[in-house]
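data07.tsv (TSV, C-alpha atoms) appears below.
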```tsv
chain	number	residue	atom	x	y	z
M	14	MET	CA	12.49	6.75	35.13
M	15	ALA	CA	11.88	9.43	32.48
M	16	ASP	CA	10.22	9.31	29.09
M	17	ALA	CA	11.79	10.18	25.78
M	18	GLU	CA	10.46	9.93	22.24
M	19	CYS	CA	11.88	7.92	19.39
M	20	PRO	CA	13.00	10.42	16.71
M	21	GLU	CA	12.09	7.90	13.98
M	22	CYS	CA	8.56	6.80	14.94
M	23	ALA	CA	7.56	8.97	17.94
M	24	SER	CA	7.10	5.96	20.20
M	25	PRO	CA	7.46	6.79	23.91
M	26	ILE	CA	10.60	5.21	25.37
M	27	ALA	CA	11.19	4.81	29.08
M	28	ILE	CA	14.66	5.90	30.18
M	29	ALA	CA	15.77	4.01	33.29
M	30	ALA	CA	17.26	5.96	36.19
M	31	ASN	CA	20.70	4.39	35.81
M	32	THR	CA	20.96	5.17	32.08
M	33	GLU	CA	24.13	6.98	31.04
M	34	VAL	CA	24.83	9.38	28.20
M	35	GLY	CA	26.22	7.44	25.27
M	36	GLU	CA	24.23	4.30	25.91
M	37	ILE	CA	22.58	2.62	22.95
M	38	LEU	CA	18.89	1.73	23.23
M	39	SER	CA	16.52	0.11	20.78
M	40	CYS	CA	13.07	1.53	20.06
M	41	PRO	CA	10.49	-1.11	21.05
M	42	ASP	CA	8.27	-0.23	18.09
M	43	CYS	CA	10.49	0.42	15.09
M	44	GLY	CA	13.69	-1.24	16.30
M	45	THR	CA	15.87	1.76	15.53
M	46	ARG	CA	19.11	1.83	17.54
M	47	LEU	CA	19.19	5.09	19.47
M	48	GLU	CA	22.00	6.83	21.27
M	49	VAL	CA	21.28	8.64	24.53
M	50	ARG	CA	22.66	12.14	23.93
M	51	ALA	CA	21.37	13.84	27.08
M	52	LEU	CA	19.49	12.92	30.25
M	53	ALA	CA	17.97	16.10	31.68
M	54	PRO	CA	15.81	16.25	29.73
M	55	PRO	CA	16.39	12.96	27.95
M	56	LYS	CA	17.33	13.24	24.29
M	57	LEU	CA	17.73	10.37	21.83
M	58	GLU	CA	19.28	10.40	18.38
M	59	LYS	CA	19.59	7.69	15.78
M	60	ALA	CA	22.80	5.82	16.55
M	61	PRO	CA	25.44	5.73	13.82
M	62	GLY	CA	25.38	2.45	11.96
M	63	VAL	CA	28.39	0.18	11.61
M	64	GLU	CA	30.17	1.29	8.47
M	65	GLU	CA	31.06	-1.39	5.97
M	66	ASP	CA	34.76	-1.60	5.20
M	67	TRP	CA	35.02	-4.32	2.64
M	68	GLY	CA	37.19	-2.41	0.17
M	69	GLU	CA	36.29	-1.52	-3.35
S	30	MET	CA	-24.38	-16.98	34.29
S	31	SER	CA	-24.73	-19.75	31.74
S	32	ARG	CA	-22.62	-19.76	28.64
S	33	LYS	CA	-23.97	-18.51	25.33
S	34	LYS	CA	-25.43	-21.28	23.24
S	35	ILE	CA	-24.40	-21.05	19.59
S	36	ALA	CA	-24.96	-22.94	16.35
S	37	ILE	CA	-22.76	-22.97	13.25
S	38	ILE	CA	-24.53	-23.41	9.92
S	39	GLY	CA	-22.29	-24.77	7.20
S	40	ALA	CA	-19.68	-25.99	9.64
S	41	SER	CA	-18.00	-28.53	7.38
S	42	GLY	CA	-15.99	-25.98	5.39
S	43	TYR	CA	-12.62	-24.58	6.38
S	44	THR	CA	-14.17	-21.40	7.75
S	45	GLY	CA	-16.68	-23.35	9.82
S	46	GLY	CA	-13.99	-25.71	11.07
S	47	GLU	CA	-11.75	-22.84	12.12
S	48	LEU	CA	-14.63	-21.08	13.84
S	49	LEU	CA	-15.49	-24.32	15.65
S	50	ARG	CA	-11.89	-24.64	16.87
S	51	TRP	CA	-11.97	-21.21	18.47
S	52	ALA	CA	-15.55	-21.53	19.76
S	53	LEU	CA	-14.78	-24.79	21.57
S	54	MET	CA	-12.01	-23.04	23.49
S	55	HIS	CA	-14.06	-19.91	24.28
S	56	PRO	CA	-14.92	-19.67	28.00
S	57	GLU	CA	-18.38	-18.17	27.42
S	58	ILE	CA	-19.58	-20.35	24.53
S	59	GLU	CA	-21.38	-23.66	24.38
S	60	VAL	CA	-21.47	-24.99	20.83
S	61	SER	CA	-24.87	-26.67	20.68
S	62	GLN	CA	-25.19	-27.65	17.02
S	63	ILE	CA	-23.14	-27.68	13.83
S	64	THR	CA	-24.78	-28.30	10.48
S	65	SER	CA	-23.78	-29.89	7.22
S	66	GLU	CA	-26.01	-31.49	4.64
S	67	ARG	CA	-23.25	-33.49	3.02
S	68	PHE	CA	-21.71	-34.78	6.25
S	69	ALA	CA	-24.84	-35.07	8.42
S	70	GLY	CA	-24.43	-37.80	11.01
S	71	GLN	CA	-20.64	-37.76	10.89
S	72	ALA	CA	-18.46	-36.59	13.75
S	73	ALA	CA	-16.90	-33.14	13.45
S	74	THR	CA	-13.53	-34.73	14.10
S	75	LYS	CA	-13.80	-36.71	10.85
S	76	LEU	CA	-13.20	-33.47	8.97
S	77	ASN	CA	-11.28	-31.65	11.70
S	78	PRO	CA	-8.75	-34.11	13.12
S	79	ASN	CA	-7.16	-31.32	15.16
S	80	LEU	CA	-10.32	-31.30	17.32
S	81	ARG	CA	-10.00	-34.92	18.47
S	82	GLY	CA	-10.46	-34.94	22.22
S	83	PHE	CA	-12.12	-31.52	22.22
S	84	THR	CA	-15.63	-32.29	20.98
S	85	SER	CA	-18.09	-35.13	20.49
S	86	LEU	CA	-20.34	-33.05	18.22
S	87	SER	CA	-21.63	-34.51	14.97
S	88	PHE	CA	-23.00	-32.59	12.01
S	89	VAL	CA	-26.78	-32.37	11.72
S	90	PRO	CA	-28.85	-31.36	8.69
S	91	VAL	CA	-30.04	-27.78	8.88
S	92	LYS	CA	-33.67	-28.90	9.14
S	93	ALA	CA	-32.78	-30.36	12.56
S	94	LEU	CA	-31.42	-27.05	13.77
S	95	SER	CA	-32.96	-25.69	16.97
S	96	THR	CA	-33.77	-21.99	17.13
S	97	ASP	CA	-33.28	-22.08	20.91
S	98	ILE	CA	-29.85	-20.49	20.69
S	99	ASP	CA	-28.25	-17.20	21.62
S	100	ALA	CA	-26.29	-16.74	18.40
S	101	VAL	CA	-25.96	-18.32	14.99
S	102	PHE	CA	-22.87	-18.22	12.80
S	103	ILE	CA	-23.57	-18.72	9.11
S	104	CYS	CA	-20.66	-20.13	7.13
S	105	THR	CA	-22.38	-20.94	3.85
S	106	PRO	CA	-21.52	-19.43	0.46
S	107	HIS	CA	-23.18	-16.17	-0.56
S	108	LYS	CA	-26.83	-16.40	-1.60
S	109	ALA	CA	-27.23	-19.54	0.53
S	110	ALA	CA	-26.81	-17.48	3.69
S	111	ALA	CA	-29.60	-14.93	3.17
S	112	PRO	CA	-32.51	-17.36	3.83
S	113	TYR	CA	-30.98	-18.30	7.18
S	114	VAL	CA	-30.50	-14.67	8.07
S	115	LYS	CA	-34.19	-14.08	7.30
S	116	GLN	CA	-35.17	-17.11	9.39
S	117	PHE	CA	-33.16	-16.07	12.44
S	118	TRP	CA	-34.01	-12.38	12.10
S	119	GLU	CA	-37.41	-13.26	13.59
S	120	THR	CA	-35.86	-14.97	16.62
S	121	GLY	CA	-33.94	-13.48	19.52
S	122	ALA	CA	-30.65	-14.89	18.28
S	123	LYS	CA	-27.77	-12.67	17.27
S	124	ILE	CA	-26.62	-13.39	13.72
S	125	ILE	CA	-23.03	-13.43	12.54
S	126	ASP	CA	-22.98	-14.02	8.79
S	127	LEU	CA	-19.59	-14.95	7.37
S	128	SER	CA	-20.84	-14.93	3.78
S	129	ALA	CA	-20.88	-11.88	1.51
S	130	ASP	CA	-24.67	-11.51	1.50
S	131	PHE	CA	-24.96	-8.54	3.87
S	132	ARG	CA	-21.60	-6.83	3.51
S	133	ILE	CA	-22.65	-4.51	0.71
S	134	HIS	CA	-25.23	-1.95	1.73
S	135	ASP	CA	-26.24	-0.98	-1.80
S	136	LYS	CA	-28.31	-3.60	-3.62
S	137	ASP	CA	-27.20	-2.44	-7.07
S	138	THR	CA	-23.54	-2.75	-6.11
S	139	TYR	CA	-24.28	-6.20	-4.67
S	140	ALA	CA	-25.99	-7.15	-7.93
S	141	LYS	CA	-22.99	-5.92	-9.96
S	142	TYR	CA	-20.53	-8.12	-8.09
S	143	TYR	CA	-22.77	-11.08	-7.10
S	144	GLN	CA	-26.37	-11.36	-8.30
S	145	GLU	CA	-29.76	-9.94	-7.45
S	146	HIS	CA	-29.96	-9.75	-3.69
S	147	PRO	CA	-32.23	-12.39	-2.12
S	148	ALA	CA	-33.24	-10.24	0.89
S	149	PRO	CA	-32.69	-6.54	0.12
S	150	GLU	CA	-35.02	-5.48	2.95
S	151	LEU	CA	-32.34	-6.55	5.45
S	152	LEU	CA	-29.37	-4.84	3.79
S	153	ASP	CA	-29.57	-1.73	5.96
S	154	LYS	CA	-29.90	-3.82	9.11
S	155	SER	CA	-26.39	-5.25	9.01
S	156	VAL	CA	-23.17	-3.85	10.42
S	157	TYR	CA	-19.97	-4.48	8.49
S	158	GLY	CA	-17.87	-6.80	10.60
S	159	ILE	CA	-14.48	-5.21	11.06
S	160	PRO	CA	-14.34	-4.26	14.76
S	161	GLU	CA	-11.47	-1.84	14.23
S	162	LEU	CA	-13.83	0.25	12.05
S	163	HIS	CA	-17.25	-0.36	13.60
S	164	ARG	CA	-16.65	-1.37	17.21
S	165	GLU	CA	-19.51	0.64	18.74
S	166	GLU	CA	-22.05	-0.29	16.05
S	167	ILE	CA	-21.19	-3.97	16.39
S	168	LYS	CA	-21.85	-3.83	20.14
S	169	GLY	CA	-25.49	-3.01	19.47
S	170	ALA	CA	-26.00	-5.07	16.33
S	171	LYS	CA	-28.31	-8.01	15.80
S	172	LEU	CA	-26.79	-8.83	12.40
S	173	VAL	CA	-23.09	-8.55	11.64
S	174	ALA	CA	-21.78	-9.23	8.14
S	175	CYS	CA	-18.22	-10.38	8.58
S	176	ALA	CA	-15.76	-8.82	6.18
S	177	GLY	CA	-14.11	-10.70	3.35
S	178	CYS	CA	-10.58	-11.92	3.99
S	179	LEU	CA	-8.84	-9.97	1.22
S	180	ALA	CA	-10.94	-6.94	2.04
S	181	THR	CA	-9.94	-7.13	5.69
S	182	SER	CA	-6.25	-7.13	4.87
S	183	VAL	CA	-6.52	-4.22	2.43
S	184	ILE	CA	-8.94	-2.08	4.48
S	185	LEU	CA	-6.90	-2.39	7.67
S	186	ALA	CA	-3.78	-1.19	5.86
S	187	LEU	CA	-5.47	1.80	4.24
S	188	ALA	CA	-8.12	3.04	6.67
S	189	PRO	CA	-5.88	5.12	8.99
S	190	LEU	CA	-4.13	6.84	6.09
S	191	VAL	CA	-7.42	7.60	4.37
S	192	LYS	CA	-8.80	9.01	7.62
S	193	SER	CA	-5.70	11.18	8.12
S	194	LYS	CA	-5.70	12.23	4.45
S	195	LEU	CA	-2.07	11.16	4.06
S	196	ILE	CA	-2.60	9.41	0.70
S	197	ALA	CA	-4.16	10.30	-2.61
S	198	THR	CA	-7.58	8.71	-2.93
S	199	ASP	CA	-7.19	7.70	-6.56
S	200	GLY	CA	-4.78	5.26	-8.12
S	201	ILE	CA	-4.57	2.98	-5.08
S	202	ILE	CA	-3.40	-0.51	-6.05
S	203	ALA	CA	-3.60	-3.59	-3.82
S	204	ASP	CA	-1.63	-6.66	-4.85
S	205	ALA	CA	-2.52	-9.63	-2.65
S	206	LYS	CA	-1.09	-13.12	-2.31
S	207	ILE	CA	-3.39	-15.70	-0.82
S	208	GLY	CA	-3.23	-19.31	0.31
S	209	SER	CA	-5.24	-22.23	-1.02
S	210	ALA	CA	-7.54	-22.53	2.03
S	211	ALA	CA	-9.29	-19.38	0.83
S	212	ALA	CA	-10.74	-21.39	-2.04
S	213	GLY	CA	-12.78	-23.41	0.45
S	214	ALA	CA	-13.11	-27.11	1.12
S	215	SER	CA	-14.84	-27.91	-2.17
S	216	TYR	CA	-12.59	-28.73	-5.07
S	217	ASP	CA	-12.28	-28.62	-8.84
S	218	ILE	CA	-9.53	-28.87	-11.47
S	219	SER	CA	-7.96	-25.63	-10.24
S	220	THR	CA	-7.35	-27.13	-6.80
S	221	HIS	CA	-6.08	-30.49	-8.07
S	222	HIS	CA	-2.58	-30.93	-6.62
S	223	PRO	CA	-0.62	-31.13	-9.89
S	224	GLU	CA	-2.37	-27.97	-11.08
S	225	ARG	CA	-2.22	-26.01	-7.83
S	226	SER	CA	1.14	-26.99	-6.40
S	227	GLY	CA	3.90	-24.50	-7.12
S	228	SER	CA	1.57	-22.09	-8.87
S	229	VAL	CA	1.65	-18.31	-8.65
S	230	ARG	CA	-1.62	-17.54	-10.34
S	231	SER	CA	-3.32	-14.23	-10.92
S	232	TYR	CA	-6.89	-15.47	-10.85
S	233	LYS	CA	-8.83	-12.20	-10.93
S	234	PRO	CA	-6.66	-9.30	-12.13
S	235	HIS	CA	-9.54	-6.84	-11.77
S	236	GLY	CA	-13.14	-6.83	-10.66
S	237	HIS	CA	-12.66	-9.12	-7.66
S	238	ARG	CA	-15.79	-9.17	-5.51
S	239	HIS	CA	-14.03	-7.88	-2.43
S	240	THR	CA	-13.35	-4.63	-4.31
S	241	ALA	CA	-16.94	-3.61	-3.57
S	242	GLU	CA	-16.60	-3.77	0.19
S	243	ILE	CA	-13.13	-2.22	0.17
S	244	GLU	CA	-14.43	0.81	-1.73
S	245	GLN	CA	-17.61	0.98	0.38
S	246	GLU	CA	-15.74	1.12	3.67
S	247	LEU	CA	-12.90	3.40	2.60
S	248	SER	CA	-15.26	5.79	0.83
S	249	ALA	CA	-17.30	6.05	4.03
S	250	ILE	CA	-14.16	6.97	5.97
S	251	ALA	CA	-13.03	9.48	3.34
S	252	GLY	CA	-16.47	10.99	2.89
S	253	ALA	CA	-15.93	10.74	-0.87
S	254	PRO	CA	-15.65	7.95	-3.43
S	255	ILE	CA	-12.41	6.00	-3.33
S	256	SER	CA	-11.22	3.71	-6.10
S	257	VAL	CA	-9.01	0.73	-5.31
S	258	GLY	CA	-7.63	-1.76	-7.84
S	259	LEU	CA	-7.34	-5.23	-6.29
S	260	THR	CA	-5.31	-8.02	-7.90
S	261	PRO	CA	-5.09	-11.24	-5.88
S	262	HIS	CA	-2.70	-14.09	-6.61
S	263	ALA	CA	-3.04	-17.69	-5.52
S	264	ILE	CA	0.35	-18.85	-4.29
S	265	GLU	CA	1.97	-21.92	-2.73
S	266	MET	CA	0.64	-21.49	0.80
S	267	VAL	CA	-2.28	-23.04	2.70
S	268	ARG	CA	-3.17	-20.23	5.08
S	269	GLY	CA	-2.44	-16.55	4.94
S	270	ILE	CA	-2.78	-13.34	2.99
S	271	MET	CA	-0.03	-10.88	2.22
S	272	SER	CA	-1.34	-7.67	0.71
S	273	THR	CA	1.00	-5.05	-0.69
S	274	VAL	CA	-0.79	-1.77	-1.27
S	275	HIS	CA	0.60	1.18	-3.22
S	276	ALA	CA	-0.68	4.74	-2.90
S	277	ARG	CA	0.58	8.15	-3.93
S	278	VAL	CA	1.82	10.52	-1.22
S	279	SER	CA	3.40	13.92	-0.85
S	280	PRO	CA	7.22	13.83	-1.06
S	281	GLU	CA	7.22	15.62	2.30
S	282	LEU	CA	5.52	12.72	4.09
S	283	LYS	CA	7.67	11.38	6.93
S	284	ASP	CA	7.68	8.04	8.71
S	285	VAL	CA	6.64	9.65	11.94
S	286	ASP	CA	3.45	11.04	10.34
S	287	VAL	CA	2.43	7.55	9.27
S	288	TRP	CA	3.27	6.01	12.64
S	289	LYS	CA	1.12	8.61	14.36
S	290	ALA	CA	-1.80	8.01	11.99
S	291	TYR	CA	-1.75	4.25	12.62
S	292	ARG	CA	-1.31	4.59	16.37
S	293	SER	CA	-4.15	7.07	16.63
S	294	PHE	CA	-6.59	5.05	14.51
S	295	TYR	CA	-5.79	1.73	16.17
S	296	ALA	CA	-5.61	2.91	19.78
S	297	GLY	CA	-7.64	0.32	21.71
S	298	SER	CA	-7.44	-2.26	18.90
S	299	PRO	CA	-5.57	-5.20	20.42
S	300	PHE	CA	-5.36	-7.29	17.27
S	301	ILE	CA	-3.49	-4.71	15.19
S	302	ARG	CA	0.30	-4.89	15.37
S	303	LEU	CA	2.45	-2.30	13.64
S	304	VAL	CA	5.50	-4.00	12.19
S	305	LYS	CA	8.36	-1.92	10.86
S	306	ASP	CA	11.28	-3.13	12.86
S	307	GLN	CA	14.79	-2.44	11.64
S	308	GLY	CA	16.33	-4.68	14.26
S	309	THR	CA	15.09	-8.08	13.11
S	310	LEU	CA	14.84	-10.48	10.21
S	311	TYR	CA	11.07	-9.88	10.34
S	312	ARG	CA	11.25	-6.20	9.40
S	313	TYR	CA	7.84	-6.08	7.77
S	314	PRO	CA	4.60	-8.06	8.07
S	315	GLU	CA	4.44	-11.51	6.54
S	316	PRO	CA	1.92	-14.29	6.90
S	317	LYS	CA	3.88	-16.86	8.91
S	318	PRO	CA	3.93	-14.95	12.22
S	319	VAL	CA	0.15	-14.45	12.07
S	320	VAL	CA	-0.89	-17.93	10.95
S	321	GLY	CA	-3.29	-19.41	13.51
S	322	THR	CA	-3.88	-16.03	15.15
S	323	ASN	CA	-6.40	-13.20	14.98
S	324	PHE	CA	-3.71	-10.58	14.49
S	325	ALA	CA	-3.33	-8.24	11.55
S	326	ASP	CA	0.27	-7.14	11.14
S	327	ILE	CA	0.66	-3.87	9.26
S	328	GLY	CA	3.81	-2.13	8.08
S	329	PHE	CA	4.90	0.48	5.57
S	330	GLU	CA	7.77	2.12	3.77
S	331	ILE	CA	7.80	5.51	2.07
S	332	ASP	CA	9.46	5.88	-1.34
S	333	PRO	CA	10.05	9.66	-1.54
S	334	GLU	CA	11.62	9.45	-5.01
S	335	LYS	CA	8.52	7.84	-6.50
S	336	LYS	CA	6.17	9.79	-4.21
S	337	ARG	CA	4.42	6.64	-3.05
S	338	ILE	CA	3.90	4.65	0.09
S	339	ILE	CA	4.06	0.87	0.17
S	340	LEU	CA	1.83	-0.76	2.78
S	341	MET	CA	2.19	-4.39	3.85
S	342	SER	CA	-0.65	-6.21	5.57
S	343	ALA	CA	-0.59	-9.84	6.71
S	344	ILE	CA	-3.42	-11.88	8.20
S	345	ASP	CA	-4.50	-15.49	8.47
S	346	ASN	CA	-7.44	-15.62	6.07
S	347	LEU	CA	-9.21	-18.23	8.18
S	348	VAL	CA	-8.82	-16.34	11.46
S	349	LYS	CA	-8.71	-12.53	11.17
S	350	GLY	CA	-10.11	-13.04	7.66
S	351	SER	CA	-13.14	-15.05	8.84
S	352	GLY	CA	-13.63	-17.28	11.92
S	353	GLY	CA	-11.55	-15.27	14.39
S	354	GLN	CA	-12.97	-11.93	13.31
S	355	ALA	CA	-16.46	-13.44	13.59
S	356	LEU	CA	-15.77	-14.38	17.21
S	357	GLN	CA	-14.28	-10.94	17.86
S	358	CYS	CA	-17.61	-9.49	16.66
S	359	PHE	CA	-19.54	-12.01	18.79
S	360	ASN	CA	-17.58	-10.88	21.85
S	361	LEU	CA	-18.50	-7.26	21.22
S	362	MET	CA	-22.17	-8.10	20.54
S	363	ASN	CA	-22.35	-9.84	23.91
S	364	GLY	CA	-20.45	-7.32	25.99
S	365	PHE	CA	-17.36	-9.50	26.38
S	366	ASP	CA	-13.76	-8.39	26.10
S	367	GLU	CA	-13.08	-8.57	22.36
S	368	LYS	CA	-9.92	-10.59	23.05
S	369	MET	CA	-11.84	-13.31	24.91
S	370	GLY	CA	-10.99	-16.74	23.55
S	371	LEU	CA	-8.82	-15.22	20.83
S	372	TRP	CA	-5.74	-13.95	22.63
S	373	SER	CA	-3.13	-16.33	21.38
S	374	PRO	CA	0.24	-15.97	19.63
S	375	GLY	CA	1.06	-18.06	16.61
S	376	PHE	CA	3.85	-20.54	16.11
S	377	HIS	CA	7.52	-19.89	15.59
S	378	PRO	CA	9.14	-21.36	13.68
S	379	LEU	CA	6.45	-22.59	11.36
```

Could you quickly redo this structure as structure tokens?
Amino acid sequence: MADAECPECASPIAIAANTEVGEILSCPDCGTRLEVRALAPPKLEKAPGVEEDWGE
Amino acid sequence: MSRKKIAIIGASGYTGGELLRWALMHPEIEVSQITSERFAGQAATKLNPNLRGFTSLSFVPVKALSTDIDAVFICTPHKAAAPYVKQFWETGAKIIDLSADFRIHDKDTYAKYYQEHPAPELLDKSVYGIPELHREEIKGAKLVACAGCLATSVILALAPLVKSKLIATDGIIADAKIGSAAAGASYDISTHHPERSGSVRSYKPHGHRHTAEIEQELSAIAGAPISVGLTPHAIEMVRGIMSTVHARVSPELKDVDVWKAYRSFYAGSPFIRLVKDQGTLYRYPEPKPVVGTNFADIGFEIDPEKKRIILMSAIDNLVKGSGGQALQCFNLMNGFDEKMGLWSPGFHPL
């Protein structure tokens, strides 16, 4: 278990030992969806949102 | 050790009834007497049907009140409370005054918003009753003046940002929406159902009495005078306050700065919940999730284009805004965990 920090609100986020790069986590405080970009040391970035494709 | 024996003066109002509900469930409290002149002799459950099965207490007139108690809660209107505070000041009882009589430390400011103070010699003896601001002082206090409900919601939203100097201290505007229970259990034409139902009424666009305590407390934190405009609205709701507060900020201010300011100020404050959650329908504070609880939910959003921050603060006016906060203060005054008897979630859905 390692700790990372939410890039949006600075909340500490526990990274479980079996976490893999590319996983999507949610910040427990601000709810932002975060992508695990690296594990040693852990690095989180805001996950890309689902793009709307409803046509114009 | 025996439980603390308490009395509630003016227990027939909504504030007194809510306080009684919590006190009856508190593991370290024995409610010995509750007073009401108008309902003397009647069972408490006549006015508080939710307490059926939980108490056999009846209201007594205040002249029958015993002073052999550990603490007295005063739930009368302002001016009516001061004589009781004077009476119990001479006893060993701790005093928790839910009226406005001892919130304002300056007698001239009190006179401006209320009337001439009936006991100015005690004004500097009271501690303002928001534990998140005055926890250590409350622990040693004999007299706590519980904060006003609107003031509580506005102060809790602003205090950390004032302390961290993240907002401009002029031009702060608080727009509050409040439920009908805040008007108390007495009634007049304004509370008559056809008049009140469905209304969205701005009843005091400026000069509301709670402005005085908001400015007093925030100015003390800032170390300089702070001006806050407060405009409350009565809306179609029984319980709850939703305050939206606007303040000017630097365009460079980031979310993370605000998060850190709130987390730092409210570290060790169990009843403050920061709510700014992008992953839910309930993204910001609103009254329903706090109704029936002692929580204050606080959230924010920065508008960099307009160089302002919008703060949202939701409480139950009868709990965190009065009876619950009073018990939180009582817990601190008696060396109990401040959550004791108050740690309860609300309802969902409601």

Self-check item: Contact residues around Pro61 of chain M with all atoms listed in the file at 9 Å, ignoring same-chain residues under 6 positions, as JSON, numbers by chain
Solution: {"M": [46, 47, 48]}

Practice problem: For chain M, report every residue with an atom at most 9 Å from chain S (counting all atoms listed in the file), formatted as a PyMOL selection string. | Solution: chain M and resi 20-24+39-46

Quiz prompt | Residue with smallest distance to Gly370 of chain S - pool S:Ile35, S:Ala52, S:Ile338, S:Leu195, counting all atoms listed in the file | solution =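 Checking each candidate against Gly370 of chain S, we get S:Ala52 as the closest.
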
Quiz item: Could you work out how far atom CA of Leu127 of chain S lies from atom CA of Gly46 of chain S, giving the answer in Å with one decimal?
Solution: 12.7 Å

Quiz item: atom CA of Lys192 of chain S and atom CA of Pro254 of chain S, how far apart in Å?
Solution: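 Separation of atom CA of Pro254 of chain S and atom CA of Lys192 of chain S: 13.0 Å.
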
Quiz item: What separation in Å, quoted to one decimal, exists between atom CA of Ser219 of chain S and atom CA of Val319 of chain S?
Solution: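 These atoms are spaced 26.2 Å apart.
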
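Omitting His239 of chain S and its sequence neighbours fewer than 6 positions away, and counting only C-alpha atoms, the residues within 8 Å are Gly177, Leu179 and Ala180 of chain S.
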
Quiz item: Got a sec: who's within 6 Å of Ala69 of chain S, counting all atoms listed in the file, leaving out chain neighbours fewer than 3 positions off, as number ranges by chain?
Solution: S: 65-66, 88-90

Can I get the selection written as a short mmCIF file (atom, residue, chain, number, x, y, z; two decimals), in the coordinates of the input, with C-alpha atoms?
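What follows is the written file out12.cif:
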```cif
data_model
loop_
_atom_site.label_atom_id
_atom_site.label_comp_id
_atom_site.auth_asym_id
_atom_site.auth_seq_id
_atom_site.Cartn_x
_atom_site.Cartn_y
_atom_site.Cartn_z
CA SER S 65 -23.78 -29.89 7.22
CA GLU S 66 -26.01 -31.49 4.64
CA PHE S 88 -23.00 -32.59 12.01
CA VAL S 89 -26.78 -32.37 11.72
CA PRO S 90 -28.85 -31.36 8.69
#
```

Quiz prompt | Contact residues around Ala30 of chain M with all atoms listed in the file at 12 Å, ignoring same-chain residues under 4 positions, as a PyMOL selection string | solution = chain M and resi 14-16+34+52-53+55

Filtering to C-alpha atoms, could you give me those residues as a short mmCIF file (atom, residue, chain, number, x, y, z; two decimals), keeping the file's coordinate frame?
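Produced file again-v4.cif, reproduced below:
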```cif
data_model
loop_
_atom_site.label_atom_id
_atom_site.label_comp_id
_atom_site.auth_asym_id
_atom_site.auth_seq_id
_atom_site.Cartn_x
_atom_site.Cartn_y
_atom_site.Cartn_z
CA MET M 14 12.49 6.75 35.13
CA ALA M 15 11.88 9.43 32.48
CA ASP M 16 10.22 9.31 29.09
CA VAL M 34 24.83 9.38 28.20
CA LEU M 52 19.49 12.92 30.25
CA ALA M 53 17.97 16.10 31.68
CA PRO M 55 16.39 12.96 27.95
#
```

Practice problem: Go through S:Ser182, S:Thr96, S:Asn77, S:Ser215 and flag the residue nearest Glu119 of chain S, using all atoms listed in the file for the distances. | Solution: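 Using all atoms listed in the file, the shortest distance to Glu119 of chain S belongs to S:Thr96.
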
Quiz item: Nearest to Ile344 of chain S: which of S:Cys104, S:Cys178, S:Ala203, S:Ala109 is it, counting all atoms listed in the file?
Solution: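 Going through S:Cys104, S:Cys178, S:Ala203, S:Ala109 one by one, the smallest distance to Ile344 of chain S is for S:Cys178.
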